[in-house]
$ cat model_25.cif   # mmCIF, C-alpha atoms
data_model
#
loop_
_atom_site.group_PDB
_atom_site.id
_atom_site.type_symbol
_atom_site.label_atom_id
_atom_site.label_comp_id
_atom_site.auth_asym_id
_atom_site.auth_seq_id
_atom_site.Cartn_x
_atom_site.Cartn_y
_atom_site.Cartn_z
ATOM 1 C CA MET A 10 110.053 122.105 150.964
ATOM 2 C CA LYS A 11 110.034 118.289 150.850
ATOM 3 C CA ILE A 12 106.273 118.254 150.386
ATOM 4 C CA ASN A 13 106.524 120.742 147.518
ATOM 5 C CA PHE A 14 109.337 118.774 145.927
ATOM 6 C CA PHE A 15 107.465 115.467 145.990
ATOM 7 C CA SER A 16 104.304 117.176 144.779
ATOM 8 C CA ILE A 17 106.182 118.470 141.760
ATOM 9 C CA VAL A 18 107.646 115.006 141.053
ATOM 10 C CA ILE A 19 104.198 113.402 141.210
ATOM 11 C CA LEU A 20 102.723 116.107 138.974
ATOM 12 C CA LEU A 21 105.475 115.683 136.401
ATOM 13 C CA SER A 22 105.103 111.888 136.430
ATOM 14 C CA PHE A 23 101.345 112.184 135.907
ATOM 15 C CA THR A 24 101.859 114.635 133.032
ATOM 16 C CA MET A 25 104.354 112.311 131.327
ATOM 17 C CA LEU A 26 101.997 109.351 131.754
ATOM 18 C CA VAL A 27 99.065 111.195 130.196
ATOM 19 C CA GLY A 28 101.227 112.396 127.324
ATOM 20 C CA SER A 29 102.542 108.900 126.732
ATOM 21 C CA CYS A 30 99.048 107.385 126.693
ATOM 22 C CA GLY A 31 97.888 109.995 124.226
ATOM 23 C CA LYS A 32 100.706 109.198 121.802
ATOM 24 C CA THR A 33 100.118 105.482 122.065
ATOM 25 C CA GLY A 34 96.455 105.946 121.214
ATOM 26 C CA LYS A 35 97.287 107.781 117.988
ATOM 27 C CA GLY A 36 100.205 105.618 116.925
ATOM 28 C CA LYS A 37 100.556 102.214 115.318
ATOM 29 C CA THR A 38 98.582 99.343 116.783
ATOM 30 C CA GLY A 39 99.458 95.780 117.589
ATOM 31 C CA ASP A 40 103.077 96.370 118.645
ATOM 32 C CA GLY A 41 104.306 94.882 115.375
ATOM 33 C CA LYS A 42 102.118 91.792 115.678
ATOM 34 C CA PRO A 43 100.422 90.406 112.563
ATOM 35 C CA ALA A 44 96.998 92.015 112.241
ATOM 36 C CA VAL A 45 95.467 88.614 111.484
ATOM 37 C CA THR A 46 96.465 84.986 111.645
ATOM 38 C CA LEU A 47 95.559 82.796 108.704
ATOM 39 C CA LYS A 48 94.798 79.326 107.467
ATOM 40 C CA THR A 49 95.275 78.024 103.935
ATOM 41 C CA GLN A 50 92.653 76.312 101.797
ATOM 42 C CA GLN A 51 93.576 74.507 98.574
ATOM 43 C CA LEU A 52 90.952 73.522 96.010
ATOM 44 C CA ASN A 53 90.938 72.213 92.462
ATOM 45 C CA ASP A 54 88.637 70.910 89.742
ATOM 46 C CA LYS A 55 89.010 69.412 86.281
ATOM 47 C CA SER A 56 86.752 68.754 83.316
ATOM 48 C CA THR A 57 87.131 67.513 79.757
ATOM 49 C CA PHE A 58 85.183 68.815 76.759
ATOM 50 C CA LYS A 59 84.810 67.763 73.173
ATOM 51 C CA LEU A 60 84.610 70.756 70.860
ATOM 52 C CA SER A 61 82.320 70.927 67.855
ATOM 53 C CA ASN A 62 85.332 70.474 65.574
ATOM 54 C CA GLY A 63 86.160 67.193 67.310
ATOM 55 C CA GLU A 64 89.121 68.612 69.234
ATOM 56 C CA ARG A 65 89.392 67.566 72.847
ATOM 57 C CA CYS A 66 89.886 70.160 75.562
ATOM 58 C CA THR A 67 90.810 69.797 79.230
ATOM 59 C CA ILE A 68 89.952 72.555 81.714
ATOM 60 C CA VAL A 69 91.840 72.720 85.014
ATOM 61 C CA ALA A 70 91.249 75.180 87.853
ATOM 62 C CA ASP A 71 92.955 75.455 91.216
ATOM 63 C CA ALA A 72 93.043 77.941 94.070
ATOM 64 C CA THR A 73 95.271 78.436 97.107
ATOM 65 C CA ILE A 74 93.632 80.828 99.551
ATOM 66 C CA ASP A 75 95.021 82.288 102.773
ATOM 67 C CA TYR A 76 92.034 83.465 104.805
ATOM 68 C CA PRO A 77 91.762 85.165 108.238
ATOM 69 C CA VAL A 78 90.846 83.076 111.275
ATOM 70 C CA SER A 79 91.728 85.422 114.164
ATOM 71 C CA THR A 80 92.890 88.977 114.872
ATOM 72 C CA TRP A 81 95.823 90.314 116.873
ATOM 73 C CA ASN A 82 93.469 91.591 119.612
ATOM 74 C CA ASN A 83 91.295 88.443 119.646
ATOM 75 C CA MET A 84 88.210 90.169 118.257
ATOM 76 C CA ALA A 85 85.481 88.080 116.649
ATOM 77 C CA VAL A 86 86.450 87.542 113.038
ATOM 78 C CA ASP A 87 83.028 86.839 111.510
ATOM 79 C CA SER A 88 82.577 90.309 110.001
ATOM 80 C CA LEU A 89 86.090 90.297 108.571
ATOM 81 C CA GLN A 90 85.530 86.889 106.989
ATOM 82 C CA ARG A 91 82.298 88.114 105.388
ATOM 83 C CA LEU A 92 84.142 91.108 103.947
ATOM 84 C CA PHE A 93 86.921 88.799 102.738
ATOM 85 C CA ALA A 94 84.363 86.616 100.971
ATOM 86 C CA ALA A 95 82.535 89.582 99.449
ATOM 87 C CA TYR A 96 85.544 91.537 98.177
ATOM 88 C CA VAL A 97 88.452 89.127 97.713
ATOM 89 C CA LEU A 98 86.451 86.057 96.726
ATOM 90 C CA GLU A 99 83.793 88.112 94.893
ATOM 91 C CA SER A 100 80.959 86.074 96.389
ATOM 92 C CA GLY A 101 77.378 86.872 97.229
ATOM 93 C CA ASP A 102 76.172 87.626 100.760
ATOM 94 C CA SER A 103 74.309 84.323 101.003
ATOM 95 C CA LEU A 104 77.420 82.114 100.750
ATOM 96 C CA SER A 105 79.441 80.888 103.713
ATOM 97 C CA LEU A 106 83.198 81.420 103.654
ATOM 98 C CA GLN A 107 83.845 77.779 102.715
ATOM 99 C CA ASP A 108 81.257 77.915 99.928
ATOM 100 C CA ALA A 109 82.716 81.217 98.701
ATOM 101 C CA MET A 110 86.177 79.639 98.436
ATOM 102 C CA ARG A 111 84.769 76.703 96.482
ATOM 103 C CA GLN A 112 82.960 79.186 94.257
ATOM 104 C CA VAL A 113 86.319 80.697 93.191
ATOM 105 C CA VAL A 114 87.218 77.433 91.453
ATOM 106 C CA ALA A 115 83.692 76.959 90.129
ATOM 107 C CA ASN A 116 83.756 80.430 88.549
ATOM 108 C CA SER A 117 87.068 79.621 86.878
ATOM 109 C CA MET A 118 85.499 76.537 85.353
ATOM 110 C CA HIS A 119 82.345 78.379 84.266
ATOM 111 C CA GLN A 120 84.272 80.884 82.173
ATOM 112 C CA TYR A 121 84.508 78.110 79.576
ATOM 113 C CA ASP A 122 80.784 77.418 79.494
ATOM 114 C CA PHE A 123 80.635 78.764 75.958
ATOM 115 C CA MET A 124 82.340 75.547 74.864
ATOM 116 C CA ASP A 125 80.524 72.265 74.239
ATOM 117 C CA GLU A 126 79.069 70.045 76.940
ATOM 118 C CA PRO A 127 81.455 67.911 79.057
ATOM 119 C CA MET A 128 82.303 64.523 77.677
ATOM 120 C CA ASP A 129 80.778 61.344 79.022
ATOM 121 C CA GLU A 130 82.463 60.144 82.236
ATOM 122 C CA ASN A 131 83.371 56.862 80.538
ATOM 123 C CA GLU A 132 85.459 58.792 78.020
ATOM 124 C CA THR A 133 87.303 60.992 80.529
ATOM 125 C CA GLU A 134 90.151 58.661 81.507
ATOM 126 C CA GLU A 135 90.783 57.716 77.918
ATOM 127 C CA VAL A 136 90.713 61.333 76.752
ATOM 128 C CA ASP A 137 92.997 62.957 79.351
ATOM 129 C CA GLU A 138 96.164 61.568 77.837
ATOM 130 C CA PHE A 139 95.254 62.668 74.337
ATOM 131 C CA SER A 140 93.827 66.154 74.995
ATOM 132 C CA THR A 141 95.098 68.554 72.358
ATOM 133 C CA LEU A 142 94.002 71.727 74.104
ATOM 134 C CA THR A 143 94.407 72.556 77.801
ATOM 135 C CA TYR A 144 93.320 75.648 79.723
ATOM 136 C CA ALA A 145 94.535 76.072 83.293
ATOM 137 C CA THR A 146 93.389 78.820 85.663
ATOM 138 C CA SER A 147 95.251 79.327 88.926
ATOM 139 C CA THR A 148 94.239 81.683 91.751
ATOM 140 C CA ARG A 149 96.549 82.596 94.634
ATOM 141 C CA ILE A 150 95.358 84.787 97.522
ATOM 142 C CA THR A 151 97.871 85.810 100.176
ATOM 143 C CA PRO A 152 98.501 88.767 102.526
ATOM 144 C CA ILE A 153 101.246 91.167 101.477
ATOM 145 C CA TYR A 154 100.762 93.651 104.343
ATOM 146 C CA ASN A 155 99.710 92.380 107.746
ATOM 147 C CA LYS A 156 100.452 94.708 110.666
ATOM 148 C CA ASN A 157 99.419 97.926 112.431
ATOM 149 C CA GLY A 158 95.832 96.730 112.509
ATOM 150 C CA VAL A 159 95.637 96.516 108.704
ATOM 151 C CA VAL A 160 95.781 93.547 106.331
ATOM 152 C CA THR A 161 96.095 93.739 102.527
ATOM 153 C CA PHE A 162 95.409 90.643 100.435
ATOM 154 C CA GLU A 163 96.841 90.157 96.966
ATOM 155 C CA ARG A 164 94.821 88.055 94.526
ATOM 156 C CA VAL A 165 96.745 86.779 91.519
ATOM 157 C CA ASP A 166 94.836 85.050 88.713
ATOM 158 C CA VAL A 167 96.892 83.305 86.036
ATOM 159 C CA VAL A 168 95.446 81.729 82.886
ATOM 160 C CA LYS A 169 97.477 79.360 80.735
ATOM 161 C CA LYS A 170 96.745 77.823 77.371
ATOM 162 C CA ASN A 171 98.777 74.700 76.677
ATOM 163 C CA SER A 172 101.229 75.722 79.435
ATOM 164 C CA LYS A 173 101.717 79.211 77.955
ATOM 165 C CA VAL A 174 100.632 82.131 80.121
ATOM 166 C CA THR A 175 97.920 84.153 78.366
ATOM 167 C CA SER A 176 96.711 86.348 81.223
ATOM 168 C CA VAL A 177 97.943 87.561 84.617
ATOM 169 C CA THR A 178 96.064 89.965 86.895
ATOM 170 C CA HIS A 179 96.880 91.296 90.352
ATOM 171 C CA ARG A 180 94.137 92.716 92.551
ATOM 172 C CA TYR A 181 94.487 94.127 96.059
ATOM 173 C CA TYR A 182 92.056 94.391 98.960
ATOM 174 C CA SER A 183 92.773 96.081 102.291
ATOM 175 C CA PHE A 184 90.860 95.818 105.556
ATOM 176 C CA ASP A 185 90.915 97.715 108.827
ATOM 177 C CA VAL A 186 91.042 94.878 111.341
ATOM 178 C CA GLU A 187 90.162 97.123 114.285
ATOM 179 C CA THR A 188 86.831 98.236 112.805
ATOM 180 C CA GLN A 189 86.514 95.235 110.440
ATOM 181 C CA THR A 190 85.801 97.424 107.420
ATOM 182 C CA PHE A 191 87.000 97.543 103.830
ATOM 183 C CA ILE A 192 89.531 100.302 103.152
ATOM 184 C CA ASP A 193 88.498 102.326 100.128
ATOM 185 C CA VAL A 194 90.025 105.553 98.815
ATOM 186 C CA ASN A 195 87.692 107.599 101.001
ATOM 187 C CA ARG A 196 89.420 106.109 104.057
ATOM 188 C CA LEU A 197 92.690 107.653 102.837
ATOM 189 C CA PHE A 198 92.019 111.101 101.344
ATOM 190 C CA ARG A 199 89.639 114.039 101.499
ATOM 191 C CA ASP A 200 87.228 114.228 98.590
ATOM 192 C CA ASP A 201 88.603 117.602 97.528
ATOM 193 C CA ALA A 202 92.171 116.241 97.489
ATOM 194 C CA VAL A 203 91.680 113.266 95.149
ATOM 195 C CA ALA A 204 92.501 115.377 92.059
ATOM 196 C CA ASP A 205 95.806 116.398 93.673
ATOM 197 C CA VAL A 206 96.668 112.763 94.324
ATOM 198 C CA CYS A 207 95.937 112.037 90.652
ATOM 199 C CA GLN A 208 98.505 114.678 89.740
ATOM 200 C CA LEU A 209 101.027 112.988 92.028
ATOM 201 C CA LEU A 210 100.396 109.686 90.258
ATOM 202 C CA LYS A 211 101.000 111.297 86.848
ATOM 203 C CA GLN A 212 104.215 112.951 88.018
ATOM 204 C CA GLN A 213 105.491 109.735 89.562
ATOM 205 C CA LEU A 214 104.670 107.740 86.418
ATOM 206 C CA LEU A 215 106.738 110.201 84.359
ATOM 207 C CA LYS A 216 109.581 109.929 86.861
ATOM 208 C CA GLN A 217 109.524 106.127 86.952
ATOM 209 C CA ASN A 218 109.799 105.970 83.163
ATOM 210 C CA ASN A 219 112.451 108.723 82.885
ATOM 211 C CA VAL A 220 110.305 110.832 80.562
ATOM 212 C CA THR A 221 109.015 114.393 80.678
ATOM 213 C CA GLY A 222 105.652 114.285 78.894
ATOM 214 C CA ASN A 223 102.620 112.236 77.894
ATOM 215 C CA GLU A 224 103.809 111.837 74.295
ATOM 216 C CA GLN A 225 106.854 109.961 75.495
ATOM 217 C CA LEU A 226 104.635 107.788 77.691
ATOM 218 C CA ASN A 227 102.477 107.072 74.640
ATOM 219 C CA ASP A 228 105.560 105.896 72.785
ATOM 220 C CA LEU A 229 106.186 103.441 75.629
ATOM 221 C CA GLY A 230 102.685 101.988 75.342
ATOM 222 C CA TYR A 231 100.789 104.093 77.881
ATOM 223 C CA PHE A 232 97.466 105.686 77.016
ATOM 224 C CA ASN A 233 94.776 107.735 78.742
ATOM 225 C CA VAL A 234 97.322 109.008 81.275
ATOM 226 C CA GLU A 235 95.490 112.332 81.534
ATOM 227 C CA ASN A 236 92.537 110.448 82.999
ATOM 228 C CA ILE A 237 94.517 108.388 85.496
ATOM 229 C CA THR A 238 92.439 107.606 88.582
ATOM 230 C CA VAL A 239 93.070 106.965 92.254
ATOM 231 C CA SER A 240 91.537 103.514 92.008
ATOM 232 C CA ARG A 241 90.806 101.078 94.831
ATOM 233 C CA ASN A 242 93.416 98.661 93.465
ATOM 234 C CA PHE A 243 96.183 99.721 95.850
ATOM 235 C CA TYR A 244 98.270 98.192 98.610
ATOM 236 C CA PHE A 245 100.309 99.419 101.544
ATOM 237 C CA GLU A 246 104.047 99.120 102.023
ATOM 238 C CA ASP A 247 106.372 100.262 104.797
ATOM 239 C CA ASN A 248 107.194 103.530 103.012
ATOM 240 C CA GLY A 249 104.184 104.343 100.871
ATOM 241 C CA VAL A 250 101.059 103.372 98.950
ATOM 242 C CA THR A 251 101.310 101.562 95.605
ATOM 243 C CA TRP A 252 98.584 101.673 92.946
ATOM 244 C CA SER A 253 98.430 98.829 90.450
ATOM 245 C CA TYR A 254 96.633 99.058 87.096
ATOM 246 C CA LEU A 255 95.291 96.019 85.283
ATOM 247 C CA PRO A 256 96.394 95.143 81.729
ATOM 248 C CA ASN A 257 94.890 97.518 79.145
ATOM 249 C CA GLU A 258 93.712 99.864 81.898
ATOM 250 C CA LEU A 259 96.565 102.358 81.682
ATOM 251 C CA ALA A 260 98.886 100.779 79.122
ATOM 252 C CA VAL A 261 98.796 98.214 76.336
ATOM 253 C CA GLU A 262 98.930 94.572 77.396
ATOM 254 C CA ALA A 263 102.599 94.267 76.450
ATOM 255 C CA VAL A 264 103.491 96.747 79.218
ATOM 256 C CA GLY A 265 101.793 94.520 81.751
ATOM 257 C CA GLU A 266 100.418 95.984 84.980
ATOM 258 C CA PRO A 267 101.968 99.380 85.748
ATOM 259 C CA LYS A 268 102.576 100.131 89.426
ATOM 260 C CA ILE A 269 102.978 103.620 90.875
ATOM 261 C CA THR A 270 104.251 104.152 94.419
ATOM 262 C CA ILE A 271 103.735 107.413 96.334
ATOM 263 C CA PRO A 272 105.733 107.812 99.592
ATOM 264 C CA TYR A 273 103.652 108.498 102.687
ATOM 265 C CA GLY A 274 105.444 111.792 103.209
ATOM 266 C CA GLU A 275 104.099 113.161 99.909
ATOM 267 C CA LEU A 276 100.504 112.307 100.818
ATOM 268 C CA GLY A 277 100.319 114.116 104.159
ATOM 269 C CA ASP A 278 98.512 117.219 102.850
ATOM 270 C CA PHE A 279 95.680 115.199 101.341
ATOM 271 C CA LEU A 280 94.637 112.902 104.174
ATOM 272 C CA CYS A 281 91.092 112.756 105.483
ATOM 273 C CA ASP A 282 90.280 112.797 109.188
ATOM 274 C CA ASN A 283 91.485 109.600 110.880
ATOM 275 C CA SER A 284 93.100 108.411 107.645
ATOM 276 C CA ILE A 285 94.466 104.885 107.768
ATOM 277 C CA ILE A 286 97.764 106.289 106.488
ATOM 278 C CA GLU A 287 98.283 108.091 109.805
ATOM 279 C CA ARG A 288 98.372 104.696 111.483
ATOM 280 C CA LEU A 289 100.871 103.228 109.029
ATOM 281 C CA ASN A 290 103.298 106.118 108.591
#
$ encode --input "model_25.cif" --output "structure tokens"
Amino acid sequence: MKINFFSIVILLSFTMLVGSCGKTGKGKTGDGKPAVTLKTQQLNDKSTFKLSNGERCTIVADATIDYPVSTWNNMAVDSLQRLFAAYVLESGDSLSLQDAMRQVVANSMHQYDFMDEPMDENETEEVDEFSTLTYATSTRITPIYNKNGVVTFERVDVVKKNSKVTSVTHRYYSFDVETQTFIDVNRLFRDDAVADVCQLLKQQLLKQNNVTGNEQLNDLGYFNVENITVSRNFYFEDNGVTWSYLPNELAVEAVGEPKITIPYGELGDFLCDNSIIERLN
């Protein structure tokens, strides 16, 4: 009897161990640790132009960039950094990470290339104090979700004219740190379920604005709601996925950037195999 008893105890212990390991393998990863650790790079540039009408113009660009330097499980980070440069920094494959970060500021400066040539260096110090027109572009890149083996970076670009904000855009980029891949919509949902998710977005937009139909949304400044898309401009939160739409993409500029959040629980029927959402929920 003792042998049978201990055999049963051992069998039960083994069964519980196997079951526990199976659950851990399918659950969240990293035990709450940040998916990546980061360093911060700050860059800036400045140039002065003389316009054809004689007006003087100063262009200022700066960037503060949090970029990944290691992962929670100490994997090599090279592939992740290349993805970060390609997607978040919008650089070409040939640039190193450091060059890609410098290119962010350079691109901000080049958007004013349609203006006249830069002034002579001898004039610059004299001109700065008397510039009558100033454009300033600021870029801030920082993680807003960084756990469970996933990191989402938010890129905010702000343009000011004479200290008045003229443009603000928020863009989001998510990466699977375990596989070091970019997370697109096809990593979330089945292809045949995307239309259903679009319907969820429409319903939630109506709910958020306390209206019952598209005409009322139109009155609030929204347009093209019938063609709302499950875009790649989304980010993860503890309770759901939020889609963000750029100015003039879903609503007039005065509305800003509409955000629509769908709780994880409402997305369960639409997930693809091995969806990232299963790891986060």
$ residues_near_point --input "model_25.cif" --point "(79.4, 82.8, 91.6)" --cutoff "12 Å" --atoms "all atoms listed in the file" --output "list in words"
Ala94, Ala95, Leu98, Glu99, Ser100, Gly101, Asp102, Ser103, Leu104, Asp108, Ala109, Met110, Arg111, Gln112, Val113, Val114, Ala115, Asn116, Ser117, Met118, His119 and Gln120 of chain A
$ closest_residue --input "model_25.cif" --among "A:Thr188, A:Thr141, A:Thr151, A:Ser61" --to "Ser172 (chain A)" --atoms "only C-alpha atoms"
A:Thr141
$ residues_around --input "model_25.cif" --residues "Ile153 (chain A)" --least-positions-apart "3" --cutoff "12 Å" --atoms "only C-alpha atoms" --output "mmCIF file with C-alpha atoms, keeping the file's coordinate frame"
data_model
loop_
_atom_site.group_PDB
_atom_site.id
_atom_site.type_symbol
_atom_site.label_atom_id
_atom_site.label_comp_id
_atom_site.auth_asym_id
_atom_site.auth_seq_id
_atom_site.Cartn_x
_atom_site.Cartn_y
_atom_site.Cartn_z
ATOM 1 C CA PRO A 43 100.422 90.406 112.563
ATOM 2 C CA ALA A 44 96.998 92.015 112.241
ATOM 3 C CA VAL A 45 95.467 88.614 111.484
ATOM 4 C CA ASP A 75 95.021 82.288 102.773
ATOM 5 C CA ARG A 149 96.549 82.596 94.634
ATOM 6 C CA ILE A 150 95.358 84.787 97.522
ATOM 7 C CA LYS A 156 100.452 94.708 110.666
ATOM 8 C CA VAL A 159 95.637 96.516 108.704
ATOM 9 C CA VAL A 160 95.781 93.547 106.331
ATOM 10 C CA THR A 161 96.095 93.739 102.527
ATOM 11 C CA PHE A 162 95.409 90.643 100.435
ATOM 12 C CA GLU A 163 96.841 90.157 96.966
ATOM 13 C CA ARG A 164 94.821 88.055 94.526
ATOM 14 C CA VAL A 165 96.745 86.779 91.519
ATOM 15 C CA HIS A 179 96.880 91.296 90.352
ATOM 16 C CA ARG A 180 94.137 92.716 92.551
ATOM 17 C CA TYR A 181 94.487 94.127 96.059
ATOM 18 C CA TYR A 182 92.056 94.391 98.960
ATOM 19 C CA SER A 183 92.773 96.081 102.291
ATOM 20 C CA PHE A 243 96.183 99.721 95.850
ATOM 21 C CA TYR A 244 98.270 98.192 98.610
ATOM 22 C CA PHE A 245 100.309 99.419 101.544
ATOM 23 C CA GLU A 246 104.047 99.120 102.023
ATOM 24 C CA ASP A 247 106.372 100.262 104.797
ATOM 25 C CA THR A 251 101.310 101.562 95.605
#
$ residues_near_point --input "model_25.cif" --point "(93.2, 93.4, 119.4)" --cutoff "10 Å" --atoms "all atoms listed in the file" --output "number ranges by chain"
A: 38-39, 42, 44-45, 79-85, 158, 186-187
$ residues_around --input "model_25.cif" --residues "region 270-277 of chain A" --least-positions-apart "6" --cutoff "8 Å" --atoms "all atoms listed in the file" --output "VMD selection string"
chain A and resid 206 209 to 210 213 248 to 252 286 290
$ resolve_selection --input "model_25.cif" --expression "the PyMOL selection byres ((chain A and resi 226) around 12)" --output "count of residues only"
28
$ resolve_selection --input "model_25.cif" --expression "the PyMOL selection byres ((chain A and resi 203) around 12)" --output "compact mmCIF listing (two decimals) with C-alpha atoms, in the frame of the given file"
# COMPACT_ATOMS: atom_id res chain seq x y z
CA VAL A 194 90.02 105.55 98.82
CA ASN A 195 87.69 107.60 101.00
CA ARG A 196 89.42 106.11 104.06
CA LEU A 197 92.69 107.65 102.84
CA PHE A 198 92.02 111.10 101.34
CA ARG A 199 89.64 114.04 101.50
CA ASP A 200 87.23 114.23 98.59
CA ASP A 201 88.60 117.60 97.53
CA ALA A 202 92.17 116.24 97.49
CA ALA A 204 92.50 115.38 92.06
CA ASP A 205 95.81 116.40 93.67
CA VAL A 206 96.67 112.76 94.32
CA CYS A 207 95.94 112.04 90.65
CA GLN A 208 98.50 114.68 89.74
CA LEU A 209 101.03 112.99 92.03
CA LEU A 210 100.40 109.69 90.26
CA ILE A 237 94.52 108.39 85.50
CA THR A 238 92.44 107.61 88.58
CA VAL A 239 93.07 106.96 92.25
CA SER A 240 91.54 103.51 92.01
CA LEU A 276 100.50 112.31 100.82
CA ASP A 278 98.51 117.22 102.85
CA PHE A 279 95.68 115.20 101.34
CA LEU A 280 94.64 112.90 104.17
CA CYS A 281 91.09 112.76 105.48
$ resolve_selection --input "model_25.cif" --expression "the PyMOL selection byres ((chain A and resi 46-51) around 6)" --output "list in words"
Val45, Leu52, Ala72, Thr73, Ile74, Asp75, Tyr76, Pro77, Val78 and Ser79 of chain A
$ residues_around --input "model_25.cif" --residues "Thr190 (chain A)" --least-positions-apart "3" --cutoff "8 Å" --atoms "only C-alpha atoms" --output "list in words"
Leu89, Leu92, Phe184, Asp185 and Val186 of chain A
$ axis_aligned_box --input "model_25.cif" --around "region 232-245 of chain A" --padding-each-side "4 Å" --output "lines of an AutoDock Vina configuration file"
center_x = 95.6
center_y = 105.3
center_z = 89.3
size_x = 17.5
size_y = 22.1
size_z = 32.5
$ atom_distance --input "model_25.cif" --atom1 "CA of Asp87 (chain A)" --atom2 "CA of Thr146 (chain A)"
29.0 Å
$ atom_distance --input "model_25.cif" --atom1 "CA of Ile192 (chain A)" --atom2 "CA of Tyr254 (chain A)"
17.6 Å
$ decode --input "model_25.cif" --residues "region 245-259 of chain A" --atoms "N, CA, C and O atoms" --output "PDB file, in the first residue's frame"
ATOM      1  N   PHE A 245      -0.286  49.166 -27.847  1.00  0.00           N
ATOM      2  CA  PHE A 245      -0.849  48.276 -26.846  1.00  0.00           C
ATOM      3  C   PHE A 245      -0.937  48.970 -25.489  1.00  0.00           C
ATOM      4  O   PHE A 245      -0.077  49.774 -25.139  1.00  0.00           O
ATOM      5  N   GLU A 246      -1.989  48.633 -24.766  1.00  0.00           N
ATOM      6  CA  GLU A 246      -2.147  49.072 -23.386  1.00  0.00           C
ATOM      7  C   GLU A 246      -2.443  47.850 -22.529  1.00  0.00           C
ATOM      8  O   GLU A 246      -2.573  46.736 -23.038  1.00  0.00           O
ATOM      9  N   ASP A 247      -2.580  48.043 -21.231  1.00  0.00           N
ATOM     10  CA  ASP A 247      -2.830  46.905 -20.346  1.00  0.00           C
ATOM     11  C   ASP A 247      -4.163  46.231 -20.642  1.00  0.00           C
ATOM     12  O   ASP A 247      -4.299  45.015 -20.455  1.00  0.00           O
ATOM     13  N   ASN A 248      -5.155  47.003 -21.106  1.00  0.00           N
ATOM     14  CA  ASN A 248      -6.504  46.456 -21.263  1.00  0.00           C
ATOM     15  C   ASN A 248      -6.991  46.346 -22.696  1.00  0.00           C
ATOM     16  O   ASN A 248      -8.087  45.835 -22.931  1.00  0.00           O
ATOM     17  N   GLY A 249      -6.215  46.832 -23.658  1.00  0.00           N
ATOM     18  CA  GLY A 249      -6.693  46.777 -25.026  1.00  0.00           C
ATOM     19  C   GLY A 249      -5.716  47.362 -26.024  1.00  0.00           C
ATOM     20  O   GLY A 249      -4.592  47.751 -25.677  1.00  0.00           O
ATOM     21  N   VAL A 250      -6.167  47.424 -27.280  1.00  0.00           N
ATOM     22  CA  VAL A 250      -5.378  47.994 -28.371  1.00  0.00           C
ATOM     23  C   VAL A 250      -6.005  49.332 -28.767  1.00  0.00           C
ATOM     24  O   VAL A 250      -7.229  49.428 -28.910  1.00  0.00           O
ATOM     25  N   THR A 251      -5.164  50.346 -28.951  1.00  0.00           N
ATOM     26  CA  THR A 251      -5.652  51.666 -29.356  1.00  0.00           C
ATOM     27  C   THR A 251      -5.127  52.015 -30.738  1.00  0.00           C
ATOM     28  O   THR A 251      -3.922  51.916 -30.998  1.00  0.00           O
ATOM     29  N   TRP A 252      -6.050  52.392 -31.628  1.00  0.00           N
ATOM     30  CA  TRP A 252      -5.679  52.876 -32.967  1.00  0.00           C
ATOM     31  C   TRP A 252      -5.707  54.394 -32.957  1.00  0.00           C
ATOM     32  O   TRP A 252      -6.634  55.019 -32.420  1.00  0.00           O
ATOM     33  N   SER A 253      -4.694  54.984 -33.561  1.00  0.00           N
ATOM     34  CA  SER A 253      -4.594  56.441 -33.647  1.00  0.00           C
ATOM     35  C   SER A 253      -4.580  56.844 -35.115  1.00  0.00           C
ATOM     36  O   SER A 253      -3.902  56.207 -35.940  1.00  0.00           O
ATOM     37  N   TYR A 254      -5.345  57.886 -35.446  1.00  0.00           N
ATOM     38  CA  TYR A 254      -5.462  58.341 -36.836  1.00  0.00           C
ATOM     39  C   TYR A 254      -4.888  59.742 -36.960  1.00  0.00           C
ATOM     40  O   TYR A 254      -5.195  60.630 -36.155  1.00  0.00           O
ATOM     41  N   LEU A 255      -4.051  59.934 -37.957  1.00  0.00           N
ATOM     42  CA  LEU A 255      -3.361  61.204 -38.145  1.00  0.00           C
ATOM     43  C   LEU A 255      -4.349  62.309 -38.515  1.00  0.00           C
ATOM     44  O   LEU A 255      -5.470  62.036 -38.963  1.00  0.00           O
ATOM     45  N   PRO A 256      -3.962  63.571 -38.327  1.00  0.00           N
ATOM     46  CA  PRO A 256      -4.836  64.684 -38.725  1.00  0.00           C
ATOM     47  C   PRO A 256      -5.256  64.567 -40.183  1.00  0.00           C
ATOM     48  O   PRO A 256      -4.442  64.225 -41.055  1.00  0.00           O
ATOM     49  N   ASN A 257      -6.532  64.826 -40.442  1.00  0.00           N
ATOM     50  CA  ASN A 257      -7.114  64.772 -41.788  1.00  0.00           C
ATOM     51  C   ASN A 257      -7.204  63.359 -42.356  1.00  0.00           C
ATOM     52  O   ASN A 257      -7.502  63.183 -43.541  1.00  0.00           O
ATOM     53  N   GLU A 258      -6.959  62.350 -41.535  1.00  0.00           N
ATOM     54  CA  GLU A 258      -7.083  60.974 -41.997  1.00  0.00           C
ATOM     55  C   GLU A 258      -8.487  60.431 -41.744  1.00  0.00           C
ATOM     56  O   GLU A 258      -9.034  59.694 -42.561  1.00  0.00           O
ATOM     57  N   LEU A 259      -9.062  60.804 -40.619  1.00  0.00           N
ATOM     58  CA  LEU A 259     -10.403  60.354 -40.262  1.00  0.00           C
ATOM     59  C   LEU A 259     -11.312  61.523 -39.895  1.00  0.00           C
ATOM     60  O   LEU A 259     -12.533  61.394 -39.916  1.00  0.00           O
TER      61      LEU A 259
END
